[in-house]
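Have a look at model_29.cif below; it lists mmCIF, C-alpha atoms.
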```
data_structure
#
loop_
_atom_site.label_atom_id
_atom_site.label_comp_id
_atom_site.auth_asym_id
_atom_site.auth_seq_id
_atom_site.Cartn_x
_atom_site.Cartn_y
_atom_site.Cartn_z
CA MET A 1 -31.08 -18.37 24.35
CA GLY A 2 -31.34 -20.42 21.17
CA VAL A 3 -29.43 -23.67 20.80
CA ARG A 4 -28.80 -22.87 17.14
CA ARG A 5 -27.24 -19.52 18.08
CA VAL A 6 -24.98 -21.18 20.63
CA GLU A 7 -23.86 -23.82 18.12
CA ARG A 8 -23.32 -21.28 15.34
CA PHE A 9 -21.30 -18.91 17.53
CA THR A 10 -19.23 -21.79 18.90
CA ALA A 11 -18.63 -23.19 15.41
CA ALA A 12 -17.56 -19.75 14.16
CA PHE A 13 -15.08 -19.30 17.00
CA ASP A 14 -13.73 -22.82 16.56
CA TRP A 15 -13.30 -22.09 12.85
CA VAL A 16 -11.19 -19.08 13.74
CA ILE A 17 -8.90 -21.36 15.77
CA GLU A 18 -8.76 -23.87 12.89
CA CYS A 19 -7.82 -21.04 10.53
CA LEU A 20 -5.03 -19.94 12.86
CA ASP A 21 -3.75 -23.51 13.06
CA THR A 22 -3.77 -23.96 9.28
CA GLY A 23 -2.42 -20.55 8.27
CA HIS A 24 -5.69 -19.11 6.90
CA TYR A 25 -5.21 -15.83 8.74
CA LEU A 26 -7.38 -13.59 6.57
CA GLU A 27 -10.32 -15.96 6.97
CA ALA A 28 -9.76 -15.92 10.74
CA VAL A 29 -9.78 -12.10 10.73
CA ALA A 30 -12.97 -11.98 8.64
CA VAL A 31 -14.85 -14.37 10.95
CA LEU A 32 -13.55 -12.52 14.01
CA GLU A 33 -14.91 -9.27 12.63
CA SER A 34 -18.35 -10.86 12.48
CA LEU A 35 -18.09 -12.24 16.03
CA ILE A 36 -16.78 -8.98 17.49
CA GLY A 37 -19.43 -7.01 15.58
CA ASP A 38 -22.12 -9.25 17.05
CA ARG A 39 -20.94 -8.58 20.61
CA LEU A 40 -20.57 -4.83 20.03
CA GLY A 41 -24.03 -4.73 18.46
CA SER A 42 -25.46 -6.50 21.48
CA ARG A 43 -23.85 -3.97 23.82
CA PHE A 44 -25.12 -1.11 21.65
CA SER A 45 -28.65 -2.55 21.80
CA TYR A 46 -28.45 -2.94 25.57
CA LEU A 47 -27.33 0.65 26.14
CA ARG A 48 -29.46 2.36 23.49
CA LYS A 49 -32.51 0.08 23.69
CA GLU A 50 -32.47 -0.11 19.89
CA GLN A 51 -30.91 -2.28 17.21
CA PRO A 52 -27.91 -0.93 15.26
CA ARG A 53 -28.23 -0.71 11.48
CA GLU A 54 -27.28 -4.00 9.84
CA SER A 55 -24.71 -2.29 7.62
CA VAL A 56 -22.76 -0.71 10.49
CA THR A 57 -19.12 -1.82 10.73
CA VAL A 58 -17.09 -2.78 13.78
CA GLY A 59 -15.40 0.63 13.57
CA GLY A 60 -18.80 2.33 13.31
CA LEU A 61 -20.12 0.47 16.36
CA CYS A 62 -17.01 1.42 18.33
CA ALA A 63 -17.41 5.06 17.30
CA ALA A 64 -21.09 5.03 18.28
CA LEU A 65 -20.37 3.46 21.67
CA LEU A 66 -17.53 5.92 22.32
CA ASN A 67 -19.49 8.91 20.94
CA ARG A 68 -16.93 9.66 18.22
CA PHE A 69 -19.40 11.11 15.75
CA SER A 70 -18.67 14.82 15.43
CA LYS A 71 -21.97 15.84 13.83
CA ASN A 72 -24.49 13.85 15.84
CA SER A 73 -24.33 13.78 19.60
CA ASN A 74 -25.02 10.31 20.90
CA PRO A 75 -27.42 10.54 23.86
CA VAL A 76 -26.42 7.20 25.37
CA THR A 77 -22.84 5.98 25.15
CA GLU A 78 -20.63 3.52 26.97
CA ASP A 79 -19.61 4.96 30.35
CA ASP A 80 -18.03 1.89 31.95
CA PRO A 81 -14.25 2.53 31.86
CA GLN A 82 -13.38 -1.14 31.34
CA PHE A 83 -15.74 -1.44 28.39
CA ARG A 84 -14.45 1.85 26.97
CA ALA A 85 -10.86 0.60 27.19
CA VAL A 86 -11.54 -2.64 25.30
CA ILE A 87 -13.71 -0.82 22.73
CA GLU A 88 -10.84 1.63 22.13
CA ASP A 89 -8.55 -1.37 21.55
CA ILE A 90 -11.08 -2.96 19.20
CA LEU A 91 -11.22 0.30 17.24
CA VAL A 92 -7.43 0.14 16.79
CA TRP A 93 -7.73 -3.54 15.83
CA SER A 94 -10.36 -2.74 13.21
CA LYS A 95 -7.77 -0.60 11.39
CA ALA A 96 -5.35 -3.56 11.36
CA ARG A 97 -8.25 -5.67 10.09
CA ASN A 98 -8.78 -3.21 7.23
CA THR A 99 -5.12 -3.49 6.27
CA ALA A 100 -5.30 -7.29 6.42
CA ILE A 101 -8.42 -7.57 4.27
CA HIS A 102 -7.89 -4.70 1.83
CA ALA A 103 -4.14 -4.29 1.45
CA THR A 104 -2.64 -7.79 1.54
CA ALA A 105 -2.09 -7.99 -2.21
CA LYS A 106 -0.98 -4.38 -2.66
CA ILE A 107 2.64 -3.73 -3.55
CA PHE A 108 4.25 -1.21 -1.24
CA GLY A 109 7.63 0.48 -1.36
CA ASN A 110 11.00 -1.19 -0.96
CA ASN A 111 10.85 -0.68 2.79
CA ASP A 112 7.91 -3.11 3.10
CA PRO A 113 9.16 -6.01 5.30
CA ALA A 114 6.79 -8.51 3.63
CA VAL A 115 8.77 -9.44 0.54
CA SER A 116 6.38 -12.08 -0.81
CA PHE A 117 2.63 -12.63 -0.80
CA ALA A 118 3.08 -15.52 1.68
CA ASP A 119 5.09 -13.20 3.94
CA GLY A 120 2.30 -10.64 3.66
CA LEU A 121 -0.27 -13.19 4.78
CA ALA A 122 1.89 -14.38 7.67
CA VAL A 123 2.08 -10.83 9.02
CA HIS A 124 -1.66 -10.99 9.71
CA ARG A 125 -1.43 -13.93 12.10
CA GLU A 126 -0.89 -11.44 14.92
CA THR A 127 -3.98 -9.49 13.78
CA ALA A 128 -6.04 -12.65 14.14
CA VAL A 129 -4.51 -13.59 17.51
CA GLN A 130 -5.13 -10.08 18.82
CA GLY A 131 -8.73 -10.28 17.58
CA VAL A 132 -9.27 -13.49 19.57
CA ARG A 133 -7.90 -11.84 22.71
CA LEU A 134 -10.08 -8.76 22.27
CA LEU A 135 -13.20 -10.85 21.67
CA GLN A 136 -12.50 -12.86 24.82
CA ARG A 137 -11.73 -9.72 26.84
CA PHE A 138 -14.97 -8.06 25.74
CA ASP A 139 -16.93 -11.24 26.35
CA VAL A 140 -15.68 -11.60 29.94
CA LEU A 141 -16.79 -8.02 30.69
CA ASP A 142 -20.13 -8.51 28.96
CA THR A 143 -20.81 -11.76 30.81
CA ARG A 144 -19.96 -10.13 34.15
CA ALA A 145 -22.17 -7.10 33.43
CA ARG A 146 -25.10 -9.30 32.45
CA ALA A 147 -24.65 -11.57 35.47
CA ALA A 148 -25.11 -8.51 37.70
CA HIS A 149 -28.66 -8.33 36.23
CA ASP A 150 -29.29 -12.11 36.28
CA GLN A 151 -28.77 -12.40 32.53
CA VAL A 152 -26.41 -14.31 30.25
CA PRO A 153 -25.21 -13.47 26.73
CA GLY A 154 -27.26 -14.99 23.92
CA HIS A 155 -24.37 -17.24 22.95
CA LEU A 156 -23.01 -18.41 26.36
CA PRO A 157 -19.57 -17.21 27.45
CA GLU A 158 -18.11 -20.68 26.91
CA CYS A 159 -18.45 -20.20 23.15
CA VAL A 160 -15.29 -18.08 23.04
CA LEU A 161 -13.57 -19.55 26.10
CA PRO A 162 -12.87 -23.15 25.04
CA ARG A 163 -11.49 -24.17 28.45
CA GLN A 164 -14.92 -23.52 29.93
CA ARG A 165 -16.92 -25.56 27.42
CA ALA A 166 -18.57 -27.81 30.03
CA ALA A 167 -21.82 -25.90 29.47
CA LEU A 168 -21.84 -26.91 25.82
CA ASP A 169 -22.26 -30.62 26.37
CA THR A 170 -24.90 -32.93 24.99
CA ALA A 171 -27.51 -31.73 27.48
CA ILE A 172 -27.56 -28.28 25.85
CA THR A 173 -26.78 -28.91 22.20
CA GLY A 174 -28.14 -32.41 21.75
CA ARG A 175 -24.81 -33.41 20.21
CA SER A 176 -21.65 -34.55 21.90
CA ARG A 177 -18.47 -32.54 21.61
CA ALA A 178 -16.96 -35.45 19.66
CA ASP A 179 -19.81 -35.29 17.10
CA ARG A 180 -19.32 -31.56 16.64
CA ASP A 181 -15.57 -32.00 16.32
CA ARG A 182 -16.08 -34.71 13.66
CA GLY A 183 -18.28 -32.28 11.72
CA TYR A 184 -15.66 -29.53 11.90
CA ARG A 185 -12.88 -31.92 10.86
CA LEU A 186 -14.95 -33.11 7.90
CA SER A 187 -15.53 -29.50 6.83
CA LEU A 188 -11.82 -28.80 7.20
CA ARG A 189 -10.87 -31.87 5.12
CA ARG A 190 -13.30 -30.78 2.40
CA ARG A 191 -11.82 -27.30 2.37
CA ARG A 192 -8.27 -28.61 2.22
CA ALA A 193 -9.24 -30.95 -0.64
CA ARG A 194 -10.85 -28.02 -2.48
CA ASP A 195 -7.80 -25.82 -1.91
CA SER A 196 -5.46 -28.48 -3.28
CA LEU A 197 -7.28 -28.80 -6.60
CA PRO A 198 -5.25 -27.60 -9.60
CA THR A 199 -6.49 -24.45 -11.29
#
```
Represent the supplied structure as structure tokens.
Amino acid sequence: MGVRRVERFTAAFDWVIECLDTGHYLEAVAVLESLIGDRLGSRFSYLRKEQPRESVTVGGLCAALLNRFSKNSNPVTEDDPQFRAVIEDILVWSKARNTAIHATAKIFGNNDPAVSFADGLAVHRETAVQGVRLLQRFDVLDTRARAAHDQVPGHLPECVLPRQRAALDTAITGRSRADRDRGYRLSLRRRRARDSLPT
């Protein structure tokens, strides 16, 4: 388990929470897609004993794990019912993600409840919150499944479960939580300063 991987995964998840707190919902959804894709890819690799293609999407990984491809039969798919249930939910979420990323600026008919662009963005807060819950749900299952074989995920479960961050102290990362938090706050201040510049 690499320290850099742990720090990067933790920083990415913490950025999602920052984005939720500051109203940057599309950014939260985009980072969540990467985190969820990483966990699905890891599960795919564990079951299939092979790496997924780098270009495969979250929806594609879900379809592969659930054997949704009509033309090619998948010889090894997810058979654990708890994993299948959360993967089904992630597949549904990935469609909401597509709407968030690709359709936010589109103008729909008069029955569209989002009357302004800001309203349209605000609608996607729930997409981001649901993504966090799904990532955590999948991660709990994955951690439990690996523990049964004396393994841990490559990122530590505490990365996406902030209340259990005791394992990410100075002894593991070489940096205190306060130092990491200062770095995140500095990045956030820089981003806010950049966003406030006149165009």
Best match for closeness to Ser116 in chain A among A:Arg4, A:Thr104, A:Asp79, A:Leu141, counting only C-alpha atoms
A:Thr104
Atomic separation - CA of Asp38 in chain A relative to CA of Asp21 in chain A, Å:
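Those two atoms sit 23.6 Å apart.
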For the PyMOL selection byres ((chain A and resi 8-14) around 8), applied here, can you spell out every residue it catches as a list of chain:residue names?
A:Arg4, A:Arg5, A:Val6, A:Glu7, A:Trp15, A:Val16, A:Ile17, A:Glu18, A:Val31, A:Leu32, A:Leu35, A:His155, A:Cys159, A:Val160, A:Tyr184
So which one's closest to Gly37 in chain A, A:Asp139, A:Asp119, A:Glu50, A:Glu78? Using all atoms listed in the file, please.
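Closest candidate: A:Asp139.
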Can you pull out the residues contacting Ala122 in chain A? Cut-off 10 Å, using only C-alpha atoms, and skip same-chain residues under 5 positions away; I want them as an NGL selection string.
:A and (23-26 or 114 or 116-117 or 127)
If you count all atoms listed in the file, the residue of A:Leu161, A:Ile36, A:Val56, A:Ile101 closest to Leu135 in chain A turns out to be A:Ile36
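With distances restricted to all atoms listed in the file, A:Asp142 is the closest residue to Asp80 in chain A from A:Leu61, A:Val29, A:Asp142, A:His149.
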Which residues, named as in the file, does the PyMOL selection byres ((chain A and resi 134) around 10) pick out? Answer as a PDB file with C-alpha atoms, in the frame of the given file.
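The resulting selection.pdb:
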```
ATOM      1  CA  LEU A  32     -13.550 -12.520  14.010  1.00  0.00           C
ATOM      2  CA  ILE A  36     -16.780  -8.980  17.490  1.00  0.00           C
ATOM      3  CA  VAL A  86     -11.540  -2.640  25.300  1.00  0.00           C
ATOM      4  CA  ILE A  87     -13.710  -0.820  22.730  1.00  0.00           C
ATOM      5  CA  ASP A  89      -8.550  -1.370  21.550  1.00  0.00           C
ATOM      6  CA  ILE A  90     -11.080  -2.960  19.200  1.00  0.00           C
ATOM      7  CA  TRP A  93      -7.730  -3.540  15.830  1.00  0.00           C
ATOM      8  CA  ALA A 128      -6.040 -12.650  14.140  1.00  0.00           C
ATOM      9  CA  VAL A 129      -4.510 -13.590  17.510  1.00  0.00           C
ATOM     10  CA  GLN A 130      -5.130 -10.080  18.820  1.00  0.00           C
ATOM     11  CA  GLY A 131      -8.730 -10.280  17.580  1.00  0.00           C
ATOM     12  CA  VAL A 132      -9.270 -13.490  19.570  1.00  0.00           C
ATOM     13  CA  ARG A 133      -7.900 -11.840  22.710  1.00  0.00           C
ATOM     14  CA  LEU A 135     -13.200 -10.850  21.670  1.00  0.00           C
ATOM     15  CA  GLN A 136     -12.500 -12.860  24.820  1.00  0.00           C
ATOM     16  CA  ARG A 137     -11.730  -9.720  26.840  1.00  0.00           C
ATOM     17  CA  PHE A 138     -14.970  -8.060  25.740  1.00  0.00           C
ATOM     18  CA  ASP A 139     -16.930 -11.240  26.350  1.00  0.00           C
ATOM     19  CA  VAL A 140     -15.680 -11.600  29.940  1.00  0.00           C
TER      20      VAL A 140
END
```
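Each of A:Gln151, A:Ser94, A:Ser34, A:Gln82 was checked against Tyr46 in chain A using all atoms listed in the file; the smallest atom-to-atom distance is that of A:Gln151.
The space between CA of Glu33 in chain A and CA of Gly59 in chain A spans 10.0 Å.
For the atom pair formed by CA of Val58 in chain A and CA of Gly41 in chain A, the distance is 8.6 Å, given to one decimal.
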Padded axis-aligned box of range 4-13 of chain A (6 Å per side), centre and edge lengths, Å, one decimal, as JSON:
```
{"center_x": -21.9, "center_y": -21.4, "center_z": 17.4, "size_x": 25.7, "size_y": 16.9, "size_z": 18.5}
```
